[in-house]
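Data block below; observations after.
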Amino acid sequence: MKNSILYEDNHLIIINKKSGEIVQGDKTGDESLIDKVKSYLKNTYQKQGNVFCGLVHRVDRPVSGIVIFAKTSKALSRMNAIFKEQKIQKFYWAIVKNKPQDECGTLVHYLKKNENLNKSFAVNSEKKGYQRAELIYTYLLSSEHYHLLEIELITGRHHQIRVQLSAIGSTIKGDLKYGYPRSNSDASISLHARAVKFTHPVSNIALTIEAPLPKDSLWMYFKEKMKEKNRL
């Protein structure tokens with residue numbers, strides 16, 4: 001757990017989640033990330049009884065990257081307000097097979113979640129029962145077969161990035177649920193919660209937290225190419 005911690009103080013603990021880890025417990029019965037964080041806090045600080053650990057937001061099981069937890073109820077309520085008021089910037093990196101027609105753009109769709117399928121569906125115009133979803137994407141660079149996009153998530157809907165990129169023909173690598181033809185070997189999808197920027201809810205210090213990329217060969221290829229690009 002210690003190697004996964006990106007930031008910790010008296011109020012917050014921010015984790016770099018591995019793909020395959022589940023944030024909250026579900027019917028699978030697998031140990032959740034929130035339970036791992038509670039165990040870490042209990043053992044590290046010799047806490048007695050139940051340990052408070054508030055989940056600020058969720059990241060899908062096959063997705064890697066930043067997950068924020070609150071260590072106090074005050075921090076949780078203030079972080080909930082920060083998310084609700086969209087006073088946080090959330091950036092993801094996605095590897096896709098098909099490059100979008102435009103190298104950057106804003107996507108707006110209207111999404112509805114199907115609980116039975118655990119899947120969201122997108123339409124292009126307002127429709128009863130559908131929620132507005134918005135993101136900004138930017139093309140970064142390409143490998144021989146794939147393309148790397150950066151996404152700034154404006155709203156926070158169920159499977160939002162996955163369904164919106166699929167809707168424009170740029171399905172995320174490995175995402176069978178949204179139309180990619182084959183899975184990744186580790187059952188991940190190539191979507192990573194890369195960075196967040198927000199003002200600390202208690203200290204009022206501006207924070208920028210970045211999560212290292214997964215250590216598979218394609219992510220590492222893009223990491224090196226981004227280093228080269230930024231040096232030019």
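Ordered as shown in the structure tokens, chains take letters A, B, and onward, while each chain numbers its residues from 1 and ligands are numbered from 1 in the order shown.
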
Query - Residues within 10 Å of A:Ser73, only C-alpha atoms, excluding chain neighbours under 5 positions, as a PyMOL selection string - result: chain A and resi 11+52-54+78-79

Report task. Write out as a ChimeraX atom specification which residues come within 10 Å of stretch 14-18 of chain A when counting only C-alpha atoms, dropping same-chain ones fewer than 6 positions away. Result -> /A:1-8,33,37,59,61-70,188,192-194,209-214

How about saving the chosen residues, N, CA and C atoms kept, as a PDB file, in the first residue's frame?
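Contents of result.pdb, freshly written:
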ATOM      1  N   MET A   1       0.827  -1.211   0.000  1.00  0.00           N
ATOM      2  CA  MET A   1       0.000   0.000   0.000  1.00  0.00           C
ATOM      3  C   MET A   1       0.863   1.264   0.000  1.00  0.00           C
ATOM      4  N   LYS A   2       1.949   1.232   0.797  1.00  0.00           N
ATOM      5  CA  LYS A   2       2.772   2.436   0.942  1.00  0.00           C
ATOM      6  C   LYS A   2       3.297   2.926  -0.403  1.00  0.00           C
ATOM      7  N   ASN A   3       3.666   2.001  -1.283  1.00  0.00           N
ATOM      8  CA  ASN A   3       4.205   2.378  -2.597  1.00  0.00           C
ATOM      9  C   ASN A   3       3.147   2.985  -3.509  1.00  0.00           C
ATOM     10  N   SER A   4       1.869   2.805  -3.154  1.00  0.00           N
ATOM     11  CA  SER A   4       0.780   3.338  -3.974  1.00  0.00           C
ATOM     12  C   SER A   4       0.346   4.735  -3.550  1.00  0.00           C
ATOM     13  N   ILE A   5       0.865   5.224  -2.428  1.00  0.00           N
ATOM     14  CA  ILE A   5       0.425   6.525  -1.908  1.00  0.00           C
ATOM     15  C   ILE A   5       1.109   7.657  -2.667  1.00  0.00           C
ATOM     16  N   LEU A   6       0.308   8.522  -3.256  1.00  0.00           N
ATOM     17  CA  LEU A   6       0.815   9.681  -3.995  1.00  0.00           C
ATOM     18  C   LEU A   6       0.888  10.923  -3.112  1.00  0.00           C
ATOM     19  N   TYR A   7       0.004  10.989  -2.116  1.00  0.00           N
ATOM     20  CA  TYR A   7      -0.048  12.161  -1.226  1.00  0.00           C
ATOM     21  C   TYR A   7      -0.769  11.748   0.047  1.00  0.00           C
ATOM     22  N   GLU A   8      -0.260  12.239   1.175  1.00  0.00           N
ATOM     23  CA  GLU A   8      -0.955  12.000   2.446  1.00  0.00           C
ATOM     24  C   GLU A   8      -0.656  13.123   3.417  1.00  0.00           C
ATOM     25  N   LEU A  33     -10.206  -1.345  -2.363  1.00  0.00           N
ATOM     26  CA  LEU A  33      -9.158  -0.372  -2.094  1.00  0.00           C
ATOM     27  C   LEU A  33      -9.450   0.385  -0.803  1.00  0.00           C
ATOM     28  N   VAL A  37      -6.937   0.777   2.394  1.00  0.00           N
ATOM     29  CA  VAL A  37      -6.537   2.062   2.971  1.00  0.00           C
ATOM     30  C   VAL A  37      -6.848   2.090   4.464  1.00  0.00           C
ATOM     31  N   VAL A  59     -13.312   5.229  -9.352  1.00  0.00           N
ATOM     32  CA  VAL A  59     -12.653   4.938 -10.624  1.00  0.00           C
ATOM     33  C   VAL A  59     -13.008   3.498 -10.980  1.00  0.00           C
ATOM     34  N   ARG A  61     -13.147  -0.358 -12.122  1.00  0.00           N
ATOM     35  CA  ARG A  61     -12.216  -1.447 -11.785  1.00  0.00           C
ATOM     36  C   ARG A  61     -11.093  -1.642 -12.810  1.00  0.00           C
ATOM     37  N   PRO A  62     -11.370  -1.655 -14.125  1.00  0.00           N
ATOM     38  CA  PRO A  62     -10.279  -1.896 -15.068  1.00  0.00           C
ATOM     39  C   PRO A  62      -9.400  -0.676 -15.353  1.00  0.00           C
ATOM     40  N   VAL A  63      -9.701   0.450 -14.704  1.00  0.00           N
ATOM     41  CA  VAL A  63      -8.963   1.704 -14.914  1.00  0.00           C
ATOM     42  C   VAL A  63      -7.935   1.870 -13.804  1.00  0.00           C
ATOM     43  N   SER A  64      -6.780   2.419 -14.132  1.00  0.00           N
ATOM     44  CA  SER A  64      -5.744   2.701 -13.144  1.00  0.00           C
ATOM     45  C   SER A  64      -5.705   4.195 -12.832  1.00  0.00           C
ATOM     46  N   GLY A  65      -4.974   4.543 -11.757  1.00  0.00           N
ATOM     47  CA  GLY A  65      -4.719   5.956 -11.488  1.00  0.00           C
ATOM     48  C   GLY A  65      -5.309   6.484 -10.200  1.00  0.00           C
ATOM     49  N   ILE A  66      -5.472   7.791 -10.151  1.00  0.00           N
ATOM     50  CA  ILE A  66      -5.732   8.539  -8.921  1.00  0.00           C
ATOM     51  C   ILE A  66      -7.109   8.265  -8.323  1.00  0.00           C
ATOM     52  N   VAL A  67      -7.104   7.941  -7.027  1.00  0.00           N
ATOM     53  CA  VAL A  67      -8.333   7.868  -6.236  1.00  0.00           C
ATOM     54  C   VAL A  67      -8.082   8.651  -4.941  1.00  0.00           C
ATOM     55  N   ILE A  68      -9.006   9.542  -4.593  1.00  0.00           N
ATOM     56  CA  ILE A  68      -8.864  10.400  -3.420  1.00  0.00           C
ATOM     57  C   ILE A  68      -9.753   9.880  -2.283  1.00  0.00           C
ATOM     58  N   PHE A  69      -9.154   9.757  -1.087  1.00  0.00           N
ATOM     59  CA  PHE A  69      -9.893   9.405   0.117  1.00  0.00           C
ATOM     60  C   PHE A  69      -9.711  10.516   1.152  1.00  0.00           C
ATOM     61  N   ALA A  70     -10.723  10.702   1.981  1.00  0.00           N
ATOM     62  CA  ALA A  70     -10.650  11.682   3.075  1.00  0.00           C
ATOM     63  C   ALA A  70     -10.442  10.943   4.392  1.00  0.00           C
ATOM     64  N   SER A 188      -7.211  -5.189 -17.982  1.00  0.00           N
ATOM     65  CA  SER A 188      -7.347  -3.741 -17.812  1.00  0.00           C
ATOM     66  C   SER A 188      -7.941  -3.134 -19.076  1.00  0.00           C
ATOM     67  N   HIS A 192      -6.130   5.765 -17.804  1.00  0.00           N
ATOM     68  CA  HIS A 192      -5.383   6.033 -16.575  1.00  0.00           C
ATOM     69  C   HIS A 192      -5.748   7.409 -16.045  1.00  0.00           C
ATOM     70  N   ALA A 193      -6.190   7.450 -14.780  1.00  0.00           N
ATOM     71  CA  ALA A 193      -6.480   8.731 -14.122  1.00  0.00           C
ATOM     72  C   ALA A 193      -5.146   9.389 -13.792  1.00  0.00           C
ATOM     73  N   ARG A 194      -4.710  10.297 -14.638  1.00  0.00           N
ATOM     74  CA  ARG A 194      -3.321  10.774 -14.667  1.00  0.00           C
ATOM     75  C   ARG A 194      -3.021  11.865 -13.635  1.00  0.00           C
ATOM     76  N   ILE A 209      -1.501  16.702  -8.237  1.00  0.00           N
ATOM     77  CA  ILE A 209      -1.066  15.329  -7.976  1.00  0.00           C
ATOM     78  C   ILE A 209      -1.060  14.573  -9.298  1.00  0.00           C
ATOM     79  N   GLU A 210       0.044  13.874  -9.562  1.00  0.00           N
ATOM     80  CA  GLU A 210       0.168  13.102 -10.803  1.00  0.00           C
ATOM     81  C   GLU A 210       0.478  11.653 -10.476  1.00  0.00           C
ATOM     82  N   ALA A 211      -0.172  10.744 -11.190  1.00  0.00           N
ATOM     83  CA  ALA A 211       0.016   9.310 -10.950  1.00  0.00           C
ATOM     84  C   ALA A 211       0.911   8.712 -12.031  1.00  0.00           C
ATOM     85  N   PRO A 212       1.993   8.021 -11.638  1.00  0.00           N
ATOM     86  CA  PRO A 212       2.829   7.325 -12.619  1.00  0.00           C
ATOM     87  C   PRO A 212       2.006   6.351 -13.454  1.00  0.00           C
ATOM     88  N   LEU A 213       2.443   6.142 -14.675  1.00  0.00           N
ATOM     89  CA  LEU A 213       1.723   5.256 -15.594  1.00  0.00           C
ATOM     90  C   LEU A 213       1.943   3.791 -15.235  1.00  0.00           C
ATOM     91  N   PRO A 214       0.997   2.916 -15.615  1.00  0.00           N
ATOM     92  CA  PRO A 214       1.225   1.476 -15.451  1.00  0.00           C
ATOM     93  C   PRO A 214       2.495   1.042 -16.178  1.00  0.00           C
TER      94      PRO A 214
END

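The shortest atom-to-atom distance to A:Ser185, with only C-alpha atoms taken into account, belongs to A:Ser217 out of A:Asp9, A:Ser217, A:Gln131, A:His159.
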
Requested in this report: Can you pull out every residue within 8 Å of stretch 93-95 of chain A, counting only C-alpha atoms, but drop anything in the same chain fewer than 6 positions away, and send it as a PyMOL selection string?
Outcome: chain A and resi 146-151+172-173+190-194

Please, could you write that set of residues out with N, CA and C atoms as a tab-separated table (two decimals), in the first residue's frame?
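Final output, result-v7.tsv:
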chain	number	residue	atom	x	y	z
A	146	TYR	N	-1.40	2.74	-32.30
A	146	TYR	CA	-2.30	3.34	-31.31
A	146	TYR	C	-2.04	4.83	-31.15
A	147	HIS	N	-2.98	5.48	-30.48
A	147	HIS	CA	-2.91	6.93	-30.29
A	147	HIS	C	-3.17	7.25	-28.82
A	148	LEU	N	-2.44	8.24	-28.32
A	148	LEU	CA	-2.56	8.66	-26.92
A	148	LEU	C	-3.33	9.97	-26.85
A	149	LEU	N	-4.40	9.97	-26.04
A	149	LEU	CA	-5.21	11.16	-25.84
A	149	LEU	C	-5.14	11.58	-24.38
A	150	GLU	N	-5.21	12.90	-24.15
A	150	GLU	CA	-5.42	13.41	-22.80
A	150	GLU	C	-6.85	13.90	-22.72
A	151	ILE	N	-7.53	13.56	-21.64
A	151	ILE	CA	-8.93	13.95	-21.44
A	151	ILE	C	-9.04	14.76	-20.16
A	172	ILE	N	-11.55	2.86	-26.29
A	172	ILE	CA	-10.31	2.66	-25.55
A	172	ILE	C	-9.82	1.23	-25.71
A	173	LYS	N	-8.52	1.08	-25.90
A	173	LYS	CA	-7.90	-0.23	-26.07
A	173	LYS	C	-8.28	-1.15	-24.91
A	190	SER	N	-7.07	0.56	-21.31
A	190	SER	CA	-5.95	1.50	-21.38
A	190	SER	C	-6.41	2.92	-21.10
A	191	LEU	N	-6.90	3.10	-19.87
A	191	LEU	CA	-7.37	4.40	-19.37
A	191	LEU	C	-6.77	4.60	-17.99
A	192	HIS	N	-6.13	5.77	-17.80
A	192	HIS	CA	-5.38	6.03	-16.58
A	192	HIS	C	-5.75	7.41	-16.05
A	193	ALA	N	-6.19	7.45	-14.78
A	193	ALA	CA	-6.48	8.73	-14.12
A	193	ALA	C	-5.15	9.39	-13.79
A	194	ARG	N	-4.71	10.30	-14.64
A	194	ARG	CA	-3.32	10.77	-14.67
A	194	ARG	C	-3.02	11.87	-13.63

Requested in this report: Enumerate as a PyMOL selection string all residues of stretch 39-189 of chain A assigned to strand (DSSP E or B) by DSSP on the backbone, naming them with the chain letters and numbers the document uses.
Outcome: chain A and resi 54-55+64-70+89-96+104-114+119-123+131-142+147-153+172

Leaving out A:Asp102 and any residue of its chain fewer than 5 positions from it, which residues lie within 10 Å of it when counting only C-alpha atoms, given as a PDB file with C-alpha atoms, in the first residue's frame?
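Contents of out38.pdb, as written:
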ATOM      1  CA  TYR A 137      -9.834  15.742 -25.318  1.00  0.00           C
ATOM      2  CA  THR A 138      -6.417  16.510 -26.808  1.00  0.00           C
ATOM      3  CA  TYR A 139      -4.387  14.267 -29.100  1.00  0.00           C
TER       4      TYR A 139
END
